[in-house]
Each structure stands twice: as C-alpha cells, then as structure tokens.
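Note: the block below is start-v9.pdb and it holds PDB, C-alpha atoms.
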```pdb
ATOM      1  CA  MET A   1     -50.004   5.958 -41.711
ATOM      2  CA  ASP A   2     -46.469   7.042 -41.078
ATOM      3  CA  LEU A   3     -47.554   9.183 -38.184
ATOM      4  CA  GLU A   4     -48.844   6.187 -36.203
ATOM      5  CA  GLY A   5     -45.382   4.605 -35.816
ATOM      6  CA  GLN A   6     -45.002   1.147 -37.304
ATOM      7  CA  LEU A   7     -42.446  -1.597 -36.988
ATOM      8  CA  VAL A   8     -41.709  -4.123 -39.710
ATOM      9  CA  ILE A   9     -42.646  -7.714 -38.949
ATOM     10  CA  GLU A  10     -39.017  -8.893 -39.387
ATOM     11  CA  TYR A  11     -37.903  -6.472 -36.704
ATOM     12  CA  LEU A  12     -40.607  -7.651 -34.330
ATOM     13  CA  LEU A  13     -39.693 -11.300 -34.990
ATOM     14  CA  VAL A  14     -35.986 -10.730 -34.380
ATOM     15  CA  PHE A  15     -36.707  -8.609 -31.321
ATOM     16  CA  GLY A  16     -39.127 -11.185 -29.891
ATOM     17  CA  PHE A  17     -36.727 -14.040 -30.575
ATOM     18  CA  SER A  18     -33.892 -12.109 -28.923
ATOM     19  CA  ILE A  19     -35.994 -11.532 -25.816
ATOM     20  CA  ILE A  20     -36.841 -15.242 -25.557
ATOM     21  CA  VAL A  21     -33.185 -16.251 -25.946
ATOM     22  CA  LEU A  22     -32.147 -13.605 -23.438
ATOM     23  CA  VAL A  23     -34.634 -14.872 -20.856
ATOM     24  CA  LEU A  24     -33.458 -18.452 -21.376
ATOM     25  CA  ILE A  25     -29.761 -17.688 -20.972
ATOM     26  CA  SER A  26     -30.085 -14.828 -18.465
ATOM     27  CA  GLN A  27     -29.336 -17.000 -15.384
ATOM     28  CA  ALA A  28     -26.208 -18.412 -17.033
ATOM     29  CA  LEU A  29     -25.157 -14.889 -18.019
ATOM     30  CA  ILE A  30     -25.695 -13.575 -14.482
ATOM     31  CA  ASN A  31     -23.649 -16.454 -13.014
ATOM     32  CA  GLU A  32     -20.881 -15.949 -15.553
ATOM     33  CA  ASN A  33     -20.813 -12.218 -14.853
ATOM     34  CA  GLU A  34     -20.632 -12.922 -11.120
ATOM     35  CA  LEU A  35     -17.726 -15.317 -11.614
ATOM     36  CA  ASN A  36     -15.948 -12.791 -13.840
ATOM     37  CA  GLN A  37     -16.391 -10.109 -11.201
ATOM     38  CA  ALA A  38     -15.039 -12.452  -8.515
ATOM     39  CA  ILE A  39     -11.979 -13.399 -10.593
ATOM     40  CA  ALA A  40     -11.332  -9.709 -11.353
ATOM     41  CA  ALA A  41     -11.577  -8.967  -7.620
ATOM     42  CA  ALA A  42      -9.223 -11.865  -6.826
ATOM     43  CA  ARG A  43      -6.746 -10.516  -9.362
ATOM     44  CA  ILE A  44      -6.846  -7.032  -7.835
ATOM     45  CA  GLY A  45      -6.588  -8.440  -4.295
ATOM     46  CA  SER A  46      -3.667 -10.705  -5.100
ATOM     47  CA  LEU A  47      -1.858  -7.778  -6.747
ATOM     48  CA  GLU A  48      -2.380  -5.736  -3.578
ATOM     49  CA  GLY A  49      -0.965  -8.615  -1.500
ATOM     50  CA  ALA A  50       2.010  -8.914  -3.848
ATOM     51  CA  VAL A  51       2.705  -5.161  -3.614
ATOM     52  CA  LEU A  52       2.689  -5.259   0.205
ATOM     53  CA  ASP A  53       4.854  -8.412   0.174
ATOM     54  CA  GLY A  54       7.221  -6.765  -2.286
ATOM     55  CA  LEU A  55       7.530  -3.570  -0.265
ATOM     56  CA  ALA A  56       7.773  -5.647   2.953
ATOM     57  CA  LEU A  57       5.088  -3.747   4.870
ATOM     58  CA  TYR A  58       3.151  -5.825   7.352
ATOM     59  CA  PRO A  59       0.587  -5.424  10.161
ATOM     60  CA  ASP A  60       1.908  -5.135  13.755
ATOM     61  CA  GLU A  61       1.450  -8.753  14.822
ATOM     62  CA  SER A  62       2.830 -10.291  11.637
ATOM     63  CA  PHE A  63       5.744  -7.847  11.609
ATOM     64  CA  ALA A  64       6.782  -8.855  15.154
ATOM     65  CA  GLN A  65       6.517 -12.523  14.196
ATOM     66  CA  TYR A  66       8.579 -12.158  10.996
ATOM     67  CA  ASN A  67      11.141 -10.061  12.852
ATOM     68  CA  LYS A  68      11.908 -13.096  14.989
ATOM     69  CA  GLY A  69      11.660 -15.954  12.520
ATOM     70  CA  ASN A  70      11.713 -14.679   8.942
ATOM     71  CA  PRO A  71      13.874 -11.556   8.724
ATOM     72  CA  ILE A  72      14.544 -12.060   4.994
ATOM     73  CA  ILE A  73      10.971 -11.105   4.085
ATOM     74  CA  LEU A  74      11.367  -7.770   5.875
ATOM     75  CA  ASN A  75      13.549  -6.692   2.963
ATOM     76  CA  PRO A  76      11.848  -5.336  -0.157
ATOM     77  CA  SER A  77      11.840  -7.857  -2.975
ATOM     78  CA  SER A  78      10.202  -8.438  -6.308
ATOM     79  CA  VAL A  79       6.963 -10.405  -5.895
ATOM     80  CA  LYS A  80       4.860 -10.817  -9.013
ATOM     81  CA  ILE A  81       1.551 -12.462  -9.787
ATOM     82  CA  THR A  82       1.971 -14.479 -12.959
ATOM     83  CA  ARG A  83      -1.350 -16.282 -13.390
ATOM     84  CA  ILE A  84      -4.684 -16.949 -11.699
ATOM     85  CA  ASP A  85      -6.624 -20.143 -12.475
ATOM     86  CA  TYR A  86      -9.652 -21.684 -10.870
ATOM     87  CA  ASP A  87     -11.320 -25.053 -10.431
ATOM     88  CA  ASN A  88     -15.061 -25.430 -10.356
ATOM     89  CA  GLN A  89     -15.529 -28.063  -7.633
ATOM     90  CA  GLY A  90     -19.281 -28.322  -8.059
ATOM     91  CA  PHE A  91     -22.166 -27.643  -5.714
ATOM     92  CA  HIS A  92     -21.168 -27.506  -2.047
ATOM     93  CA  GLU A  93     -23.867 -28.953   0.195
ATOM     94  CA  LYS A  94     -22.868 -27.088   3.350
ATOM     95  CA  TYR A  95     -22.818 -23.626   1.814
ATOM     96  CA  ARG A  96     -25.511 -24.321  -0.823
ATOM     97  CA  LYS A  97     -23.345 -22.593  -3.415
ATOM     98  CA  ILE A  98     -20.976 -23.594  -6.208
ATOM     99  CA  LYS A  99     -17.463 -24.006  -4.842
ATOM    100  CA  ILE A 100     -14.567 -22.428  -6.719
ATOM    101  CA  GLN A 101     -10.949 -22.963  -5.742
ATOM    102  CA  LEU A 102      -8.512 -20.294  -6.880
ATOM    103  CA  HIS A 103      -4.950 -21.191  -7.847
ATOM    104  CA  ILE A 104      -2.674 -18.165  -7.813
ATOM    105  CA  HIS A 105       0.735 -18.440  -9.451
ATOM    106  CA  ALA A 106       3.464 -16.010  -8.438
ATOM    107  CA  SER A 107       7.185 -15.509  -8.612
ATOM    108  CA  ALA A 108       9.596 -14.199  -5.974
ATOM    109  CA  ILE A 109      13.130 -14.782  -7.216
ATOM    110  CA  PRO A 110      14.931 -13.123  -4.233
ATOM    111  CA  ILE A 111      13.068 -15.312  -1.707
ATOM    112  CA  PRO A 112      14.219 -18.924  -2.223
ATOM    113  CA  ASP A 113      13.140 -20.383   1.134
ATOM    114  CA  GLU A 114       9.895 -22.345   0.991
ATOM    115  CA  ASN A 115       8.727 -21.255   4.439
ATOM    116  CA  ASP A 116       9.248 -17.580   3.573
ATOM    117  CA  ARG A 117       7.417 -18.067   0.286
ATOM    118  CA  ASN A 118       4.503 -19.700   2.102
ATOM    119  CA  ILE A 119       4.180 -16.605   4.282
ATOM    120  CA  LEU A 120       4.172 -14.348   1.224
ATOM    121  CA  GLY A 121       1.668 -16.670  -0.446
ATOM    122  CA  GLU A 122      -0.689 -16.600   2.527
ATOM    123  CA  ARG A 123      -0.790 -12.808   2.343
ATOM    124  CA  ILE A 124      -1.501 -12.918  -1.404
ATOM    125  CA  ASN A 125      -4.328 -15.418  -0.856
ATOM    126  CA  PHE A 126      -5.696 -13.403   2.067
ATOM    127  CA  TYR A 127      -5.979 -10.222   0.019
ATOM    128  CA  ALA A 128      -7.511 -12.115  -2.921
ATOM    129  CA  ARG A 129     -10.261 -13.543  -0.674
ATOM    130  CA  LYS A 130     -10.694 -10.233   1.121
ATOM    131  CA  LYS A 131     -11.222  -8.363  -2.140
ATOM    132  CA  ILE A 132     -13.832 -10.899  -3.269
ATOM    133  CA  SER A 133     -15.718 -10.487   0.026
ATOM    134  CA  LEU A 134     -15.552  -6.691  -0.177
ATOM    135  CA  SER A 135     -16.544  -6.732  -3.825
ATOM    136  CA  PHE A 136     -19.770  -8.650  -3.047
ATOM    137  CA  ARG A 137     -20.227  -7.042   0.393
ATOM    138  CA  THR A 138     -20.248 -10.441   2.131
ATOM    139  CA  GLU A 139     -17.684  -9.633   4.854
ATOM    140  CA  ASN A 140     -20.294 -10.399   7.539
ATOM    141  CA  LEU A 141     -20.786 -13.961   6.235
ATOM    142  CA  THR A 142     -17.165 -15.033   6.602
ATOM    143  CA  ASN A 143     -14.437 -15.093   9.258
ATOM    144  CA  THR A 144     -11.556 -12.704   9.921
ATOM    145  CA  LEU A 145      -9.375 -14.484   7.351
ATOM    146  CA  TYR A 146     -12.147 -14.190   4.726
ATOM    147  CA  ASN A 147     -11.855 -17.952   4.312
ATOM    148  CA  PRO A 148     -13.979 -18.882   2.478
ATOM    149  CA  ALA A 149     -15.133 -15.814   0.560
ATOM    150  CA  PHE A 150     -18.695 -15.648  -0.704
ATOM    151  CA  SER A 151     -20.601 -14.170  -3.585
ATOM    152  CA  GLN A 152     -24.333 -14.676  -4.222
ATOM    153  CA  ASN A 153     -23.958 -18.015  -6.017
ATOM    154  CA  TYR A 154     -20.364 -19.050  -5.328
ATOM    155  CA  VAL A 155     -18.055 -19.844  -2.435
ATOM    156  CA  PHE A 156     -14.325 -19.236  -2.992
ATOM    157  CA  THR A 157     -11.310 -20.864  -1.404
ATOM    158  CA  THR A 158      -7.642 -20.618  -2.306
ATOM    159  CA  SER A 159      -4.982 -23.287  -2.676
ATOM    160  CA  ASP A 160      -1.371 -22.605  -1.673
ATOM    161  CA  VAL A 161       0.240 -20.127  -4.042
ATOM    162  CA  GLU A 162       2.258 -21.920  -6.709
ATOM    163  CA  TRP A 163       5.690 -20.386  -7.219
ATOM    164  CA  ASP A 164       6.901 -20.338 -10.800
ATOM    165  CA  ILE A 165      10.554 -19.683 -10.026
TER     166      ILE A 165
ATOM    167  CA  MET B 166     -45.327  15.537 -34.193
ATOM    168  CA  ASP B 167     -41.644  16.298 -33.944
ATOM    169  CA  VAL B 168     -42.133  18.736 -31.065
ATOM    170  CA  LYS B 169     -43.364  15.944 -28.768
ATOM    171  CA  GLY B 170     -39.938  14.297 -28.680
ATOM    172  CA  TYR B 171     -39.505  10.579 -29.433
ATOM    173  CA  ILE B 172     -36.880   8.046 -28.470
ATOM    174  CA  SER B 173     -36.483   4.955 -30.624
ATOM    175  CA  VAL B 174     -36.663   1.450 -29.141
ATOM    176  CA  ASP B 175     -33.129   0.817 -30.491
ATOM    177  CA  PHE B 176     -31.818   3.759 -28.532
ATOM    178  CA  LEU B 177     -33.518   2.587 -25.315
ATOM    179  CA  LEU B 178     -32.173  -0.935 -25.771
ATOM    180  CA  SER B 179     -28.616   0.181 -26.483
ATOM    181  CA  THR B 180     -28.727   2.575 -23.501
ATOM    182  CA  PHE B 181     -29.917  -0.254 -21.277
ATOM    183  CA  ILE B 182     -27.090  -2.563 -22.415
ATOM    184  CA  PHE B 183     -24.587   0.274 -22.068
ATOM    185  CA  MET B 184     -25.731   0.873 -18.470
ATOM    186  CA  ILE B 185     -25.309  -2.819 -17.585
ATOM    187  CA  VAL B 186     -21.776  -2.853 -19.030
ATOM    188  CA  LEU B 187     -20.975   0.419 -17.271
ATOM    189  CA  VAL B 188     -21.993  -0.935 -13.846
ATOM    190  CA  SER B 189     -19.720  -3.994 -14.295
ATOM    191  CA  VAL B 190     -16.819  -1.844 -15.458
ATOM    192  CA  ILE B 191     -17.262   0.636 -12.587
ATOM    193  CA  THR B 192     -17.091  -2.203 -10.027
ATOM    194  CA  ILE B 193     -13.810  -3.444 -11.500
ATOM    195  CA  VAL B 194     -12.326   0.046 -11.896
ATOM    196  CA  GLU B 195     -13.283   0.966  -8.320
ATOM    197  CA  GLY B 196     -11.457  -2.103  -6.969
ATOM    198  CA  ARG B 197      -8.432  -1.377  -9.134
ATOM    199  CA  PHE B 198      -8.401   2.262  -8.027
ATOM    200  CA  GLU B 199      -8.374   1.270  -4.335
ATOM    201  CA  MET B 200      -5.525  -1.144  -5.012
ATOM    202  CA  VAL B 201      -3.522   1.585  -6.734
ATOM    203  CA  LEU B 202      -4.035   3.909  -3.747
ATOM    204  CA  THR B 203      -2.827   1.225  -1.331
ATOM    205  CA  ALA B 204       0.189   0.561  -3.538
ATOM    206  CA  GLU B 205       0.953   4.281  -3.713
ATOM    207  CA  GLU B 206       0.742   4.612   0.076
ATOM    208  CA  ALA B 207       2.951   1.567   0.576
ATOM    209  CA  ALA B 208       5.527   2.876  -1.903
ATOM    210  CA  GLU B 209       5.560   6.254  -0.094
ATOM    211  CA  GLU B 210       6.136   4.523   3.249
ATOM    212  CA  ARG B 211       8.994   2.513   1.814
ATOM    213  CA  MET B 212      10.507   5.656   0.239
ATOM    214  CA  ILE B 213      10.491   7.535   3.569
ATOM    215  CA  VAL B 214      12.207   4.759   5.517
ATOM    216  CA  GLU B 215      14.757   4.136   2.746
ATOM    217  CA  MET B 216      15.458   7.889   2.494
ATOM    218  CA  VAL B 217      16.319   8.060   6.223
ATOM    219  CA  ALA B 218      18.432   4.897   5.957
ATOM    220  CA  GLY B 219      20.253   6.278   2.912
ATOM    221  CA  ILE B 220      21.080   9.571   4.645
ATOM    222  CA  ILE B 221      22.400   7.802   7.740
ATOM    223  CA  GLU B 222      24.568   5.475   5.628
ATOM    224  CA  SER B 223      25.916   8.396   3.556
ATOM    225  CA  THR B 224      26.694  10.449   6.665
ATOM    226  CA  TYR B 225      28.558   7.541   8.218
ATOM    227  CA  ALA B 226      30.433   6.743   5.019
ATOM    228  CA  ALA B 227      31.510  10.376   4.508
ATOM    229  CA  GLY B 228      33.519  10.379   7.736
ATOM    230  CA  GLU B 229      33.851  12.421  10.903
ATOM    231  CA  GLY B 230      32.204  15.831  10.935
ATOM    232  CA  HIS B 231      29.943  15.173   7.969
ATOM    233  CA  GLN B 232      26.442  16.555   8.391
ATOM    234  CA  MET B 233      23.219  16.043   6.480
ATOM    235  CA  ILE B 234      19.769  17.516   6.940
ATOM    236  CA  ILE B 235      16.599  15.443   6.821
ATOM    237  CA  ASN B 236      13.318  17.228   6.145
ATOM    238  CA  MET B 237      10.679  14.718   7.098
ATOM    239  CA  PRO B 238       7.660  14.723   4.744
ATOM    240  CA  GLU B 239       4.386  16.089   6.076
ATOM    241  CA  SER B 240       2.626  12.712   5.812
ATOM    242  CA  VAL B 241       2.413   9.552   3.744
ATOM    243  CA  LYS B 242       0.701  11.349   0.896
ATOM    244  CA  VAL B 243      -1.437   9.871  -1.802
ATOM    245  CA  SER B 244      -2.669  12.045  -4.637
ATOM    246  CA  GLY B 245      -6.045  13.551  -3.857
ATOM    247  CA  VAL B 246      -6.385  11.810  -0.494
ATOM    248  CA  LYS B 247      -5.580  13.062   3.013
ATOM    249  CA  GLY B 248      -2.109  11.936   4.064
ATOM    250  CA  LEU B 249      -1.470   9.358   6.778
ATOM    251  CA  ASP B 250       0.554  10.080   9.925
ATOM    252  CA  TYR B 251       3.715   8.108  10.451
ATOM    253  CA  VAL B 252       6.558   7.598  12.928
ATOM    254  CA  VAL B 253      10.129   6.632  12.055
ATOM    255  CA  LYS B 254      12.307   4.935  14.685
ATOM    256  CA  VAL B 255      16.049   4.873  14.141
ATOM    257  CA  ARG B 256      17.871   2.084  15.993
ATOM    258  CA  THR B 257      21.402   0.696  15.961
ATOM    259  CA  SER B 258      20.921  -1.608  12.978
ATOM    260  CA  GLU B 259      17.469  -0.840  11.634
ATOM    261  CA  ILE B 260      15.027   1.914  10.773
ATOM    262  CA  LEU B 261      11.352   1.275  11.360
ATOM    263  CA  ILE B 262       8.349   3.055   9.956
ATOM    264  CA  GLN B 263       4.870   2.725  11.424
ATOM    265  CA  VAL B 264       1.805   3.947   9.568
ATOM    266  CA  GLU B 265      -1.631   3.168  10.952
ATOM    267  CA  GLY B 266      -0.883  -0.396  12.006
ATOM    268  CA  ARG B 267       1.465  -1.137   9.108
ATOM    269  CA  ASN B 268       5.175  -1.591   9.703
ATOM    270  CA  GLY B 269       8.218  -1.562   7.498
ATOM    271  CA  LYS B 270      11.908  -1.811   8.169
ATOM    272  CA  ALA B 271      15.123  -0.790   6.426
ATOM    273  CA  PHE B 272      18.401  -2.341   7.463
ATOM    274  CA  ILE B 273      21.549  -0.300   8.115
ATOM    275  CA  TYR B 274      25.033  -1.425   9.072
ATOM    276  CA  PRO B 275      25.174  -1.734  12.882
ATOM    277  CA  ARG B 276      26.491   1.439  14.456
ATOM    278  CA  LYS B 277      25.969   3.617  17.480
ATOM    279  CA  ILE B 278      23.081   6.036  17.243
ATOM    280  CA  ALA B 279      22.695   8.985  19.593
ATOM    281  CA  GLY B 280      19.780  11.360  19.622
ATOM    282  CA  GLY B 281      18.169  14.053  21.743
ATOM    283  CA  LYS B 282      19.718  15.828  24.691
ATOM    284  CA  MET B 283      20.259  12.598  26.603
ATOM    285  CA  GLY B 284      21.900  10.830  23.667
ATOM    286  CA  GLU B 285      19.267   8.060  23.532
ATOM    287  CA  SER B 286      20.125   5.018  21.422
ATOM    288  CA  GLU B 287      16.693   5.020  19.749
ATOM    289  CA  VAL B 288      15.667   8.172  17.931
ATOM    290  CA  ILE B 289      12.039   8.767  17.047
ATOM    291  CA  MET B 290      11.415  11.013  14.071
ATOM    292  CA  PHE B 291       8.112  12.743  13.379
ATOM    293  CA  PRO B 292       6.476  14.247  10.281
ATOM    294  CA  LYS B 293       7.147  17.882   9.263
ATOM    295  CA  ARG B 294      10.274  18.135  11.459
ATOM    296  CA  THR B 295      13.830  18.816  10.404
ATOM    297  CA  TYR B 296      16.750  16.800  11.765
ATOM    298  CA  ILE B 297      20.508  17.162  11.476
ATOM    299  CA  VAL B 298      22.423  13.924  11.146
ATOM    300  CA  THR B 299      26.101  14.222  12.119
ATOM    301  CA  ASN B 300      28.988  11.789  12.100
ATOM    302  CA  ILE B 301      30.882  12.374  15.351
ATOM    303  CA  LYS B 302      33.417  10.501  17.499
ATOM    304  CA  ASP B 303      32.538   9.293  21.001
ATOM    305  CA  ASN B 304      34.881   9.399  24.030
ATOM    306  CA  ASN B 305      36.531   6.155  22.945
ATOM    307  CA  GLY B 306      37.241   7.429  19.445
ATOM    308  CA  TYR B 307      34.528   5.365  17.735
ATOM    309  CA  SER B 308      32.265   6.936  15.144
ATOM    310  CA  LEU B 309      28.629   7.387  15.996
ATOM    311  CA  ILE B 310      25.663   8.947  14.312
ATOM    312  CA  SER B 311      24.020  11.817  16.149
ATOM    313  CA  ILE B 312      20.477  12.784  15.154
ATOM    314  CA  LYS B 313      19.163  16.087  16.501
ATOM    315  CA  GLN B 314      15.847  17.760  15.848
ATOM    316  CA  VAL B 315      16.279  21.398  14.824
ATOM    317  CA  SER B 316      12.712  22.394  14.020
TER     318      SER B 316
END
```
Taking this structure as input, can you express it in the form of structure tokens?
Amino acid sequence: MDLEGQLVIEYLLVFGFSIIVLVLISQALINENELNQAIAAARIGSLEGAVLDGLALYPDESFAQYNKGNPIILNPSSVKITRIDYDNQGFHEKYRKIKIQLHIHASAIPIPDENDRNILGERINFYARKKISLSFRTENLTNTLYNPAFSQNYVFTTSDVEWDI
Amino acid sequence: MDVKGYISVDFLLSTFIFMIVLVSVITIVEGRFEMVLTAEEAAEERMIVEMVAGIIESTYAAGEGHQMIINMPESVKVSGVKGLDYVVKVRTSEILIQVEGRNGKAFIYPRKIAGGKMGESEVIMFPKRTYIVTNIKDNNGYSLISIKQVS
C-alpha cells in the first residue's frame, strides 16, 4: 500500500479548506499587495525627489526658473522624508478605480520659506507619482506630470507635502 | 520506486509561495536599486562642482602666485554603470555643472575669472582634462583667478 502514495484525511481536509479560503480572499490579497507595491514605489520615488532637492540638481527649465526667483534652493540642503500616509477616498467614477491620496511628510530645516518649500514638495510628489507609474508600467495612461498615477485597481494623487519643521 | 524521482506536494506549495514573495521583493528591490543609482550620480555631480569651487576659493584665499591643479574626473561615474558626460562652467560668482539635462550650481565669492588665451570671463571645463588655477594680479592690481587647460 505504501507504494501507491496516500495522504491522510486530515491533511486533505486542511489542504482543501485552505484552498477555499485562499480563493475567497485572493482578490483582497491581490488588491492589498498592489497597494503595498504602490506605497513602496511612492516611498522610493519621494526619496529620490528628496535626494535631488537636497543636492540641488534640477532639470534645465526648472533650474533657469529657480535661478531667477528662488536662488536659495540652488544650495544643497538637508531634505528628509519623515512619513508617508494615505487616504482611501473610495471608488472614483471617472477613472473606475479606487482613489488613493498620498500625504508625504518631509523636513527641510535650512529652507524656511514656504514658497521654496512648495517647490521642493512638488518635486518630491512628482517623483513619488512617477515611480508608481513606472512600477505598474502605466506611463502611457497619464500625463507628463504623472498626475494622477495609475495601477490596475487604484488611482493615486498627492496632497501638498506637509513640512514637519 | 526511488529512482523515478518524486517531489512532495508540500515542497511544490512552498516553492510556489516562495516564488510569489520573490517576485514582490524583486519589484521593490529593483526600484530601490534605481533610486540608489540616481542618488549616487547626483552625489557625484555635486562633488565635482564643489571640488572645483573649493579649489578656486583656496587658490584665491592663498594669495598672489598660488597655483593649484585640477584633474577633472573622466565622467560622472556610478559603480558598474557607464559614466555620464558633464560640463563645468566657471563664472564670476558661480560654478555650474550640466549632466544630461540636469543642472547644479555652487556659489563662490564674486571675483574676476580669466581663462583661455583670450582671457574669457567664463571658463568651460571638460572631463579628463587638467587645468591650472592661478591667483594673479591684473593691470589694476586686483586679484583674479586664471584657469588654463594644460592637457
């Protein structure tokens, strides 16, 4: 009998039950995994934005603009991401997806001016949205500012960066 | 029977779960890796422009006749990846670096800059070249920084 390969009934019951539970919660798991991936991407993107803000390296057009109006942010400074939260704003009729708004918290002690901080914040938000779009390969669905960013089941927007200090 | 080779259901199941976890982790690690490369590039760019600014400030501070040599790095290098070309522009009160559409700037105290044979007030520095920075006096007795390419 041993040669025919047998499984105990308890094993089969547990295995069968596990499969049923897995099927039932699979959609929720997939959605949760997708949201986790998006938040991880947003975290990586916002860090990239903070690094470029901190090292004061900007694209041509922005650099020329800051050179005229915001010279302080052309100096290297310490820009840190302190926290990323999100709000689930429910199903969005236009996009037919669940809308998530990201709230990124940062600190930039050497930059006290609100206008300068807004510029730094916009770059942080831009890179967060960009990374989400790249992560889900949905760049073609959005605009040049990646606003909003899409995944399969979610649409992401960002609120103004909140400055801790 | 043993020679036919068997794999248990447990092993298949655990391998399947492991593969799912691995795919998620790889996606996150890949994103993080790209971010680290960008940060490394940006830090290199900032280091180059600050190095040039530091040498010019030191040469000026050391007084007339002081000379320093700048060996410009080959490229904005990132470990394991081909380096990016860059250009450094030295102006009266600022040093600019341009790398593939990205710009950075280091501030220096305003002073006269003279470079090349014609004594231009903007000096453009290129990768892999060597420059001599000298503190000299102009005809009116004011200090100026001369930047000449030697190789």
I need the chain A residues near chain B as a PDB file with C-alpha atoms, in the frame of the given file; criterion: at most 8 Å, counting all atoms listed in the file.
```
ATOM      1  CA  LEU A   3     -47.554   9.183 -38.184  1.00  0.00           C
ATOM      2  CA  GLN A  37     -16.391 -10.109 -11.201  1.00  0.00           C
ATOM      3  CA  ALA A  40     -11.332  -9.709 -11.353  1.00  0.00           C
ATOM      4  CA  ALA A  41     -11.577  -8.967  -7.620  1.00  0.00           C
ATOM      5  CA  ILE A  44      -6.846  -7.032  -7.835  1.00  0.00           C
ATOM      6  CA  GLY A  45      -6.588  -8.440  -4.295  1.00  0.00           C
ATOM      7  CA  LEU A  47      -1.858  -7.778  -6.747  1.00  0.00           C
ATOM      8  CA  GLU A  48      -2.380  -5.736  -3.578  1.00  0.00           C
ATOM      9  CA  VAL A  51       2.705  -5.161  -3.614  1.00  0.00           C
ATOM     10  CA  LEU A  52       2.689  -5.259   0.205  1.00  0.00           C
ATOM     11  CA  LEU A  55       7.530  -3.570  -0.265  1.00  0.00           C
ATOM     12  CA  ALA A  56       7.773  -5.647   2.953  1.00  0.00           C
ATOM     13  CA  LEU A  57       5.088  -3.747   4.870  1.00  0.00           C
ATOM     14  CA  TYR A  58       3.151  -5.825   7.352  1.00  0.00           C
ATOM     15  CA  PRO A  59       0.587  -5.424  10.161  1.00  0.00           C
ATOM     16  CA  ASP A  60       1.908  -5.135  13.755  1.00  0.00           C
ATOM     17  CA  PHE A  63       5.744  -7.847  11.609  1.00  0.00           C
ATOM     18  CA  LEU A  74      11.367  -7.770   5.875  1.00  0.00           C
ATOM     19  CA  ASN A  75      13.549  -6.692   2.963  1.00  0.00           C
ATOM     20  CA  LYS A 131     -11.222  -8.363  -2.140  1.00  0.00           C
ATOM     21  CA  SER A 135     -16.544  -6.732  -3.825  1.00  0.00           C
TER      22      SER A 135
END
```
Selection dump of the PyMOL selection byres ((chain B and resi 295-311) around 9), as a VMD selection string: chain B and resid 220 to 221 224 to 237 276 to 281 284 290 to 294 312 to 316
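Between atom CA of Glu162 of chain A and atom CA of Glu206 of chain B the interatomic distance comes to 27.4 Å.
Here the PyMOL selection byres ((chain B and resi 241) around 8) catches exactly these residues: Glu206, Glu209, Glu210, Pro238, Glu239, Ser240, Lys242, Val243, Gly248, Leu249, Asp250 and Tyr251 of chain B.
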How would you write as a PDB file with C-alpha atoms, in the coordinates of the input the residues that get within 9 Å of (-5.1, -12.5, -15.4) in the file's frame, counting all atoms listed in the file?
```
ATOM      1  CA  ILE A  39     -11.979 -13.399 -10.593  1.00  0.00           C
ATOM      2  CA  ALA A  40     -11.332  -9.709 -11.353  1.00  0.00           C
ATOM      3  CA  ARG A  43      -6.746 -10.516  -9.362  1.00  0.00           C
ATOM      4  CA  ILE A  81       1.551 -12.462  -9.787  1.00  0.00           C
ATOM      5  CA  THR A  82       1.971 -14.479 -12.959  1.00  0.00           C
ATOM      6  CA  ARG A  83      -1.350 -16.282 -13.390  1.00  0.00           C
ATOM      7  CA  ILE A  84      -4.684 -16.949 -11.699  1.00  0.00           C
ATOM      8  CA  ASP A  85      -6.624 -20.143 -12.475  1.00  0.00           C
TER       9      ASP A  85
END
```
Hey, what's within 8 Å of Ile273 of chain B if we count all atoms listed in the file and toss same-chain stuff fewer than 5 positions away? As a PDB file with C-alpha atoms, in the frame of the given file, please?
```
ATOM      1  CA  ALA B 218      18.432   4.897   5.957  1.00  0.00           C
ATOM      2  CA  GLU B 222      24.568   5.475   5.628  1.00  0.00           C
ATOM      3  CA  THR B 257      21.402   0.696  15.961  1.00  0.00           C
ATOM      4  CA  SER B 258      20.921  -1.608  12.978  1.00  0.00           C
ATOM      5  CA  GLU B 259      17.469  -0.840  11.634  1.00  0.00           C
ATOM      6  CA  ILE B 260      15.027   1.914  10.773  1.00  0.00           C
TER       7      ILE B 260
END
```
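Atom CA of Gln152 of chain A to atom CA of Ala42 of chain A spans 15.6 Å [interatomic distance, one decimal].
As for atom CA of Asn115 of chain A and atom CA of Ser77 of chain A, they are spaced 15.6 Å apart.
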